[in-house]
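As provided, data-v2.cif (mmCIF, C-alpha atoms) reads as follows.
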```
data_upload
#
loop_
_atom_site.group_PDB
_atom_site.id
_atom_site.type_symbol
_atom_site.label_atom_id
_atom_site.label_comp_id
_atom_site.auth_asym_id
_atom_site.auth_seq_id
_atom_site.Cartn_x
_atom_site.Cartn_y
_atom_site.Cartn_z
ATOM 1 C CA MET A 1 7.142 -35.168 -7.846
ATOM 2 C CA ALA A 2 7.951 -33.108 -10.961
ATOM 3 C CA ARG A 3 5.579 -30.357 -11.971
ATOM 4 C CA PRO A 4 3.580 -30.817 -15.185
ATOM 5 C CA GLU A 5 4.612 -28.940 -18.305
ATOM 6 C CA GLN A 6 3.039 -25.594 -19.021
ATOM 7 C CA VAL A 7 -0.158 -25.982 -21.047
ATOM 8 C CA LEU A 8 -0.300 -22.291 -21.985
ATOM 9 C CA VAL A 9 1.539 -21.036 -25.036
ATOM 10 C CA LEU A 10 3.390 -17.772 -24.398
ATOM 11 C CA GLU A 11 4.179 -15.145 -27.023
ATOM 12 C CA PRO A 12 6.961 -14.136 -26.635
ATOM 13 C CA GLN A 13 8.157 -17.367 -25.142
ATOM 14 C CA HIS A 14 11.340 -16.449 -23.284
ATOM 15 C CA GLU A 15 11.918 -12.676 -23.250
ATOM 16 C CA LEU A 16 9.931 -9.462 -22.813
ATOM 17 C CA LYS A 17 11.488 -6.542 -24.693
ATOM 18 C CA PHE A 18 10.991 -2.932 -23.658
ATOM 19 C CA ARG A 19 12.062 -0.278 -26.123
ATOM 20 C CA GLY A 20 13.062 3.175 -24.884
ATOM 21 C CA PRO A 21 13.300 6.027 -24.345
ATOM 22 C CA PHE A 22 12.394 5.233 -20.752
ATOM 23 C CA THR A 23 11.374 8.737 -19.695
ATOM 24 C CA ASP A 24 7.744 7.630 -20.000
ATOM 25 C CA VAL A 25 5.808 4.394 -19.499
ATOM 26 C CA VAL A 26 6.877 1.656 -21.909
ATOM 27 C CA THR A 27 4.453 -1.192 -22.584
ATOM 28 C CA ALA A 28 5.175 -4.736 -23.706
ATOM 29 C CA THR A 29 2.503 -7.297 -24.489
ATOM 30 C CA LEU A 30 2.503 -10.898 -23.357
ATOM 31 C CA LYS A 31 -0.004 -13.110 -25.149
ATOM 32 C CA LEU A 32 -1.254 -16.184 -23.291
ATOM 33 C CA ILE A 33 -2.883 -18.868 -25.455
ATOM 34 C CA ASN A 34 -4.911 -21.750 -24.055
ATOM 35 C CA PRO A 35 -4.932 -24.553 -26.656
ATOM 36 C CA THR A 36 -6.651 -27.065 -24.342
ATOM 37 C CA ASP A 37 -10.283 -28.063 -23.865
ATOM 38 C CA ARG A 38 -10.171 -26.929 -20.219
ATOM 39 C CA ASN A 39 -10.355 -23.468 -18.684
ATOM 40 C CA VAL A 40 -7.007 -22.420 -17.219
ATOM 41 C CA CYS A 41 -6.315 -20.128 -14.244
ATOM 42 C CA PHE A 42 -3.234 -17.937 -14.509
ATOM 43 C CA LYS A 43 -1.147 -15.486 -12.484
ATOM 44 C CA VAL A 44 1.659 -13.188 -13.640
ATOM 45 C CA LYS A 45 4.394 -12.482 -11.091
ATOM 46 C CA THR A 46 7.596 -10.425 -11.256
ATOM 47 C CA THR A 47 10.787 -10.031 -9.267
ATOM 48 C CA ALA A 48 10.383 -6.217 -9.431
ATOM 49 C CA PRO A 49 6.739 -5.431 -8.573
ATOM 50 C CA ARG A 50 7.468 -1.732 -7.917
ATOM 51 C CA ARG A 51 8.782 -1.246 -11.435
ATOM 52 C CA TYR A 52 5.885 -2.722 -13.390
ATOM 53 C CA CYS A 53 2.126 -2.416 -13.675
ATOM 54 C CA VAL A 54 0.540 -5.612 -15.064
ATOM 55 C CA ARG A 55 -3.027 -5.740 -16.410
ATOM 56 C CA PRO A 56 -4.552 -8.221 -15.970
ATOM 57 C CA ASN A 57 -2.204 -9.925 -13.537
ATOM 58 C CA SER A 58 -4.511 -12.905 -12.956
ATOM 59 C CA GLY A 59 -7.664 -14.467 -14.323
ATOM 60 C CA ILE A 60 -9.118 -17.367 -16.284
ATOM 61 C CA ILE A 61 -8.483 -18.193 -19.935
ATOM 62 C CA ASP A 62 -11.349 -20.091 -21.475
ATOM 63 C CA ALA A 63 -10.685 -23.219 -23.513
ATOM 64 C CA ARG A 64 -9.320 -22.549 -27.011
ATOM 65 C CA THR A 65 -8.987 -18.812 -26.417
ATOM 66 C CA SER A 66 -6.208 -16.346 -25.621
ATOM 67 C CA ILE A 67 -5.630 -13.157 -23.656
ATOM 68 C CA ASN A 68 -3.243 -10.208 -23.947
ATOM 69 C CA VAL A 69 -1.425 -9.123 -20.794
ATOM 70 C CA SER A 70 -0.072 -5.560 -20.801
ATOM 71 C CA VAL A 71 3.200 -5.177 -18.907
ATOM 72 C CA MET A 72 3.923 -1.490 -18.269
ATOM 73 C CA LEU A 73 7.445 -0.504 -17.256
ATOM 74 C CA GLN A 74 7.573 2.636 -15.097
ATOM 75 C CA PRO A 75 9.903 5.515 -16.126
ATOM 76 C CA PHE A 76 13.490 5.255 -14.880
ATOM 77 C CA ASP A 77 17.019 6.460 -15.608
ATOM 78 C CA TYR A 78 18.347 4.085 -18.246
ATOM 79 C CA ASP A 79 21.963 2.934 -18.025
ATOM 80 C CA PRO A 80 23.099 1.086 -21.175
ATOM 81 C CA ASN A 81 25.909 -0.587 -19.234
ATOM 82 C CA GLU A 82 23.522 -2.143 -16.724
ATOM 83 C CA LYS A 83 21.816 -5.384 -17.715
ATOM 84 C CA SER A 84 18.299 -6.025 -16.548
ATOM 85 C CA LYS A 85 17.891 -8.693 -13.891
ATOM 86 C CA HIS A 86 14.105 -8.451 -13.850
ATOM 87 C CA LYS A 87 12.153 -11.616 -14.501
ATOM 88 C CA PHE A 88 8.516 -12.614 -14.906
ATOM 89 C CA MET A 89 6.798 -15.893 -14.155
ATOM 90 C CA VAL A 90 3.488 -17.070 -15.569
ATOM 91 C CA GLN A 91 1.909 -19.558 -13.180
ATOM 92 C CA SER A 92 -1.089 -21.597 -14.260
ATOM 93 C CA MET A 93 -3.310 -24.521 -13.336
ATOM 94 C CA LEU A 94 -6.325 -26.259 -14.811
ATOM 95 C CA ALA A 95 -9.506 -24.683 -13.477
ATOM 96 C CA PRO A 96 -11.759 -27.071 -11.511
ATOM 97 C CA TYR A 97 -15.116 -27.732 -13.161
ATOM 98 C CA ASP A 98 -16.988 -26.552 -10.061
ATOM 99 C CA MET A 99 -14.824 -23.507 -9.342
ATOM 100 C CA THR A 100 -16.554 -20.597 -7.586
ATOM 101 C CA ASP A 101 -13.677 -18.813 -5.817
ATOM 102 C CA MET A 102 -10.450 -18.389 -7.776
ATOM 103 C CA GLU A 103 -8.430 -17.205 -4.764
ATOM 104 C CA GLY A 104 -9.581 -20.243 -2.832
ATOM 105 C CA VAL A 105 -8.521 -22.484 -5.705
ATOM 106 C CA TRP A 106 -5.004 -21.034 -5.659
ATOM 107 C CA LYS A 107 -4.723 -21.443 -1.888
ATOM 108 C CA GLU A 108 -5.836 -25.058 -2.019
ATOM 109 C CA ALA A 109 -3.794 -25.980 -5.093
ATOM 110 C CA LYS A 110 -1.253 -28.746 -4.693
ATOM 111 C CA PRO A 111 2.313 -28.200 -5.937
ATOM 112 C CA GLU A 112 1.965 -30.966 -8.516
ATOM 113 C CA GLU A 113 -1.013 -29.125 -10.031
ATOM 114 C CA LEU A 114 0.889 -25.903 -10.705
ATOM 115 C CA MET A 115 2.648 -25.083 -13.970
ATOM 116 C CA ASP A 116 4.960 -22.168 -14.618
ATOM 117 C CA SER A 117 7.003 -20.453 -17.302
ATOM 118 C CA LYS A 118 9.689 -17.820 -16.794
ATOM 119 C CA LEU A 119 10.648 -14.856 -18.944
ATOM 120 C CA ARG A 120 13.542 -12.431 -18.664
ATOM 121 C CA CYS A 121 13.336 -8.708 -19.453
ATOM 122 C CA ALA A 122 15.435 -6.820 -21.985
ATOM 123 C CA PHE A 123 15.732 -3.043 -22.385
ATOM 124 C CA GLU A 124 16.524 -1.523 -25.783
ATOM 125 C CA MET A 125 17.076 2.026 -26.949
ATOM 126 C CA PRO A 126 15.922 3.011 -30.455
ATOM 127 C CA VAL A 127 18.644 3.492 -33.056
ATOM 128 C CA GLU A 128 19.252 6.958 -34.436
ATOM 129 C CA ASN A 129 17.422 6.244 -37.716
ATOM 130 C CA ASP A 130 14.242 5.328 -35.849
ATOM 131 C CA LYS A 131 14.042 8.481 -33.763
ATOM 132 C CA ALA A 132 12.597 10.510 -36.640
ATOM 133 C CA THR A 133 9.563 8.248 -36.905
ATOM 134 C CA GLU A 134 9.046 7.064 -33.318
ATOM 135 C CA HIS A 135 6.622 9.915 -32.560
ATOM 136 C CA ASN A 136 4.432 9.037 -35.555
ATOM 137 C CA VAL A 137 4.224 5.271 -35.045
ATOM 138 C CA LEU A 138 2.507 3.649 -32.073
ATOM 139 C CA PRO A 139 4.638 0.816 -30.647
ATOM 140 C CA LYS A 140 3.390 -2.559 -31.772
ATOM 141 C CA SER A 141 3.153 -3.874 -28.219
ATOM 142 C CA ALA A 142 0.936 -0.981 -27.146
ATOM 143 C CA SER A 143 -1.347 -1.087 -30.190
ATOM 144 C CA ALA A 144 -1.869 -4.822 -29.730
ATOM 145 C CA SER A 145 -3.119 -4.456 -26.182
ATOM 146 C CA LEU A 146 -4.254 -1.004 -25.027
ATOM 147 C CA ASP A 147 -4.724 2.366 -26.673
ATOM 148 C CA ASP A 148 -3.213 5.545 -25.229
ATOM 149 C CA GLY A 149 -6.398 6.432 -23.361
ATOM 150 C CA GLU A 150 -6.552 3.088 -21.560
ATOM 151 C CA VAL A 151 -2.856 3.196 -20.674
ATOM 152 C CA LYS A 152 -3.327 6.729 -19.308
ATOM 153 C CA LYS A 153 -6.301 5.625 -17.234
ATOM 154 C CA ILE A 154 -4.349 2.703 -15.771
ATOM 155 C CA MET A 155 -1.373 4.913 -14.922
ATOM 156 C CA GLU A 156 -3.671 7.486 -13.314
ATOM 157 C CA GLU A 157 -5.213 4.690 -11.267
ATOM 158 C CA CYS A 158 -1.745 3.524 -10.166
ATOM 159 C CA LYS A 159 -0.839 7.089 -9.156
ATOM 160 C CA ARG A 160 -4.155 7.479 -7.331
ATOM 161 C CA LEU A 161 -3.516 4.294 -5.366
ATOM 162 C CA GLN A 162 -0.014 5.463 -4.477
ATOM 163 C CA MET A 163 -1.410 8.824 -3.281
ATOM 164 C CA GLU A 164 -4.096 7.006 -1.292
ATOM 165 C CA VAL A 165 -1.425 4.868 0.429
ATOM 166 C CA GLN A 166 0.555 8.037 1.225
ATOM 167 C CA ARG A 167 -2.593 9.734 2.572
ATOM 168 C CA LEU A 168 -3.366 6.757 4.817
ATOM 169 C CA ARG A 169 0.204 6.762 6.118
ATOM 170 C CA GLU A 170 -0.082 10.500 6.877
ATOM 171 C CA GLU A 171 -3.411 9.973 8.646
ATOM 172 C CA ASN A 172 -1.906 7.137 10.682
ATOM 173 C CA ARG A 173 1.022 9.373 11.673
ATOM 174 C CA GLN A 174 -1.352 12.224 12.592
ATOM 175 C CA ILE A 175 -3.478 9.864 14.689
ATOM 176 C CA ARG A 176 -0.378 8.723 16.587
ATOM 177 C CA GLU A 177 0.662 12.351 17.175
ATOM 178 C CA ASP A 178 -2.846 13.333 18.307
ATOM 179 C CA ASP A 179 -2.953 10.358 20.648
ATOM 180 C CA GLY A 180 0.373 11.354 22.189
ATOM 181 C CA LEU A 181 -0.778 14.963 22.559
ATOM 182 C CA ARG A 182 -4.049 13.837 24.164
ATOM 183 C CA LYS A 183 -2.144 11.706 26.664
ATOM 184 C CA ARG A 184 0.103 14.651 27.534
ATOM 185 C CA LYS A 185 -2.946 16.891 27.997
ATOM 186 C CA VAL A 186 -4.590 14.318 30.255
ATOM 187 C CA THR A 187 -1.403 14.092 32.336
ATOM 188 C CA SER A 188 -1.116 17.900 32.468
ATOM 189 C CA ALA A 189 -4.808 18.284 33.389
ATOM 190 C CA SER A 190 -4.435 15.677 36.108
ATOM 191 C CA ALA A 191 -1.422 17.460 37.533
ATOM 192 C CA SER A 192 -3.246 20.805 37.299
ATOM 193 C CA HIS A 193 -6.294 19.344 39.029
ATOM 194 C CA THR A 194 -4.111 17.936 41.801
ATOM 195 C CA THR A 195 -2.408 21.307 42.281
ATOM 196 C CA SER A 196 -5.735 23.145 42.298
ATOM 197 C CA SER A 197 -7.155 20.714 44.843
ATOM 198 C CA SER A 198 -4.117 21.224 47.073
ATOM 199 C CA ILE A 199 -4.499 25.006 46.883
ATOM 200 C CA MET A 200 -8.207 24.829 47.704
ATOM 201 C CA ALA A 201 -7.555 22.464 50.608
ATOM 202 C CA SER A 202 -4.848 24.770 51.940
ATOM 203 C CA SER A 203 -7.141 27.774 51.625
ATOM 204 C CA ALA A 204 -9.951 25.916 53.394
ATOM 205 C CA MET A 205 -7.575 24.954 56.201
ATOM 206 C CA ARG A 206 -6.476 28.582 56.544
ATOM 207 C CA ASP A 207 -10.113 29.759 56.654
ATOM 208 C CA GLU A 208 -10.942 27.091 59.209
ATOM 209 C CA GLY A 209 -7.976 28.095 61.376
ATOM 210 C CA LEU A 210 -8.985 31.757 61.174
ATOM 211 C CA SER A 211 -12.577 30.971 62.208
ATOM 212 C CA THR A 212 -11.320 28.964 65.178
ATOM 213 C CA ARG A 213 -9.138 31.842 66.383
ATOM 214 C CA VAL A 214 -12.010 34.332 66.066
ATOM 215 C CA LEU A 215 -14.301 32.003 68.062
ATOM 216 C CA ALA A 216 -11.639 31.568 70.753
ATOM 217 C CA LEU A 217 -11.245 35.355 71.072
ATOM 218 C CA CYS A 218 -15.026 35.796 71.370
ATOM 219 C CA VAL A 219 -15.169 33.185 74.147
ATOM 220 C CA LEU A 220 -12.217 34.847 75.903
ATOM 221 C CA PHE A 221 -13.873 38.293 75.748
ATOM 222 C CA PHE A 222 -17.117 36.762 77.065
ATOM 223 C CA VAL A 223 -15.313 35.178 80.047
ATOM 224 C CA ILE A 224 -13.468 38.442 80.793
ATOM 225 C CA GLY A 225 -16.755 40.348 80.617
ATOM 226 C CA VAL A 226 -18.411 37.922 83.045
ATOM 227 C CA ILE A 227 -15.499 38.230 85.499
ATOM 228 C CA ILE A 228 -15.507 42.029 85.320
ATOM 229 C CA GLY A 229 -19.298 42.076 85.839
ATOM 230 C CA LYS A 230 -19.005 39.952 88.993
ATOM 231 C CA LEU A 231 -16.303 42.228 90.401
ATOM 232 C CA VAL A 232 -18.436 45.307 89.813
ATOM 233 C CA ILE A 233 -21.424 43.697 91.507
#
```
Just dump the structure as structure tokens.
Amino acid sequence: MARPEQVLVLEPQHELKFRGPFTDVVTATLKLINPTDRNVCFKVKTTAPRRYCVRPNSGIIDARTSINVSVMLQPFDYDPNEKSKHKFMVQSMLAPYDMTDMEGVWKEAKPEELMDSKLRCAFEMPVENDKATEHNVLPKSASASLDDGEVKKIMEECKRLQMEVQRLREENRQIREDDGLRKRKVTSASASHTTSSSIMASSAMRDEGLSTRVLALCVLFFVIGVIIGKLVI
């Protein structure tokens, strides 16, 4: 069964343009318009999730309203001879009237209830004449969605999450190393305990043997003394 046509109106409709230089974060804005009388759930997906930060990447658009989605391209080394193969997909579905859990709605959605639209990405470098004014003019896409402070906060949050993931990986590695060291210590302590026990047992056996010899000599001297006493008598 064919999927229904997309009810959301996308601006731009087919292509997201990112204008360099790409030594810093570049933001493009995707406007999602809901012209229907129903609330609409949406998700924004990309083929290159490590290269972009999308806010918001999912949510609900109320009937007859719209929302701006900020798509932030991370800094990278731009090659004018390389064409972008990155793509975005906007997936949507009509929100149930009794919806309480959006994630549950997506999991239970049937394929024939889902709608989607795809956009390609294009990278552009500013022409020479624009370079003189690019520092004085805020890009239209950024001014339409987030100011510099909000973009900075989002990027700091992304960096914080990346550092947190790295910290957790380091802790996990340290835990594995500590566990291996603890096992080696337990093995070494066990071997040391076994050796110590053997030494103590050997020492005890030597002491016991020495005591036995001393007792035997005492008995022998006693017998000799008795015999000599009888002879004298």
To one decimal place, how far is atom CA of A:Glu177 from atom CA of A:Val165 in Å?
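Between these atoms lies a distance of 18.5 Å.
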Near A:Met93, counting all atoms listed in the file, which residues have an atom at most 8 Å away, once you skip same-chain residues fewer than 6 positions from it, shown as a PyMOL selection string?
chain A and resi 40-42+113-115
Counting all atoms listed in the file, the option among A:Asn39, A:Ser70, A:Asn57, A:Thr47 closest to A:Ala95
A:Asn39
Selection result for the PyMOL selection byres ((chain A and resi 116-125) around 7) on this file, as a JSON list (two decimals) with C-alpha atoms, in the frame of the given file:
```json
[["chain", "number", "residue", "atom", "x", "y", "z"],
["A", 6, "GLN", "CA", 3.04, -25.59, -19.02],
["A", 14, "HIS", "CA", 11.34, -16.45, -23.28],
["A", 15, "GLU", "CA", 11.92, -12.68, -23.25],
["A", 16, "LEU", "CA", 9.93, -9.46, -22.81],
["A", 17, "LYS", "CA", 11.49, -6.54, -24.69],
["A", 18, "PHE", "CA", 10.99, -2.93, -23.66],
["A", 19, "ARG", "CA", 12.06, -0.28, -26.12],
["A", 20, "GLY", "CA", 13.06, 3.18, -24.88],
["A", 21, "PRO", "CA", 13.30, 6.03, -24.34],
["A", 84, "SER", "CA", 18.30, -6.02, -16.55],
["A", 86, "HIS", "CA", 14.10, -8.45, -13.85],
["A", 87, "LYS", "CA", 12.15, -11.62, -14.50],
["A", 88, "PHE", "CA", 8.52, -12.61, -14.91],
["A", 89, "MET", "CA", 6.80, -15.89, -14.16],
["A", 90, "VAL", "CA", 3.49, -17.07, -15.57],
["A", 91, "GLN", "CA", 1.91, -19.56, -13.18],
["A", 92, "SER", "CA", -1.09, -21.60, -14.26],
["A", 114, "LEU", "CA", 0.89, -25.90, -10.70],
["A", 115, "MET", "CA", 2.65, -25.08, -13.97],
["A", 126, "PRO", "CA", 15.92, 3.01, -30.46],
["A", 127, "VAL", "CA", 18.64, 3.49, -33.06]]
```
Which value, in Å to one decimal, gives the distance between atom CA of A:Leu32 and atom CA of A:Glu103?
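Rounded to one decimal, the two atoms are 19.9 Å apart.
Reported to one decimal place, the separation of atom CA of A:Val26 from atom CA of A:Leu73 is 5.2 Å.
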Looking at A:Glu157, A:Val25, A:Ile33, A:Tyr52, which one is nearest to A:Gln13, with distances taken over all atoms listed in the file?
A:Ile33
Here is a test: counting only C-alpha atoms, which residue of A:Glu108, A:Asp77, A:Glu82, A:Val7 is nearest to A:Ala63?
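Under the stated criterion, the closest residue is A:Val7.
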Which of A:Leu94, A:Cys53, A:Val105, A:Met99 sits closest to A:Pro75 [using all atoms listed in the file]:
A:Cys53
Nearest-residue call for A:Cys158, choices A:Ser58, A:Gln74, A:Asn34, A:Asn68, using all atoms listed in the file
A:Gln74
My list of candidates is A:Trp106, A:Asp98, A:Phe22, A:Pro111. Which is closest to A:Arg3 when distances are computed with all atoms listed in the file?
A:Pro111
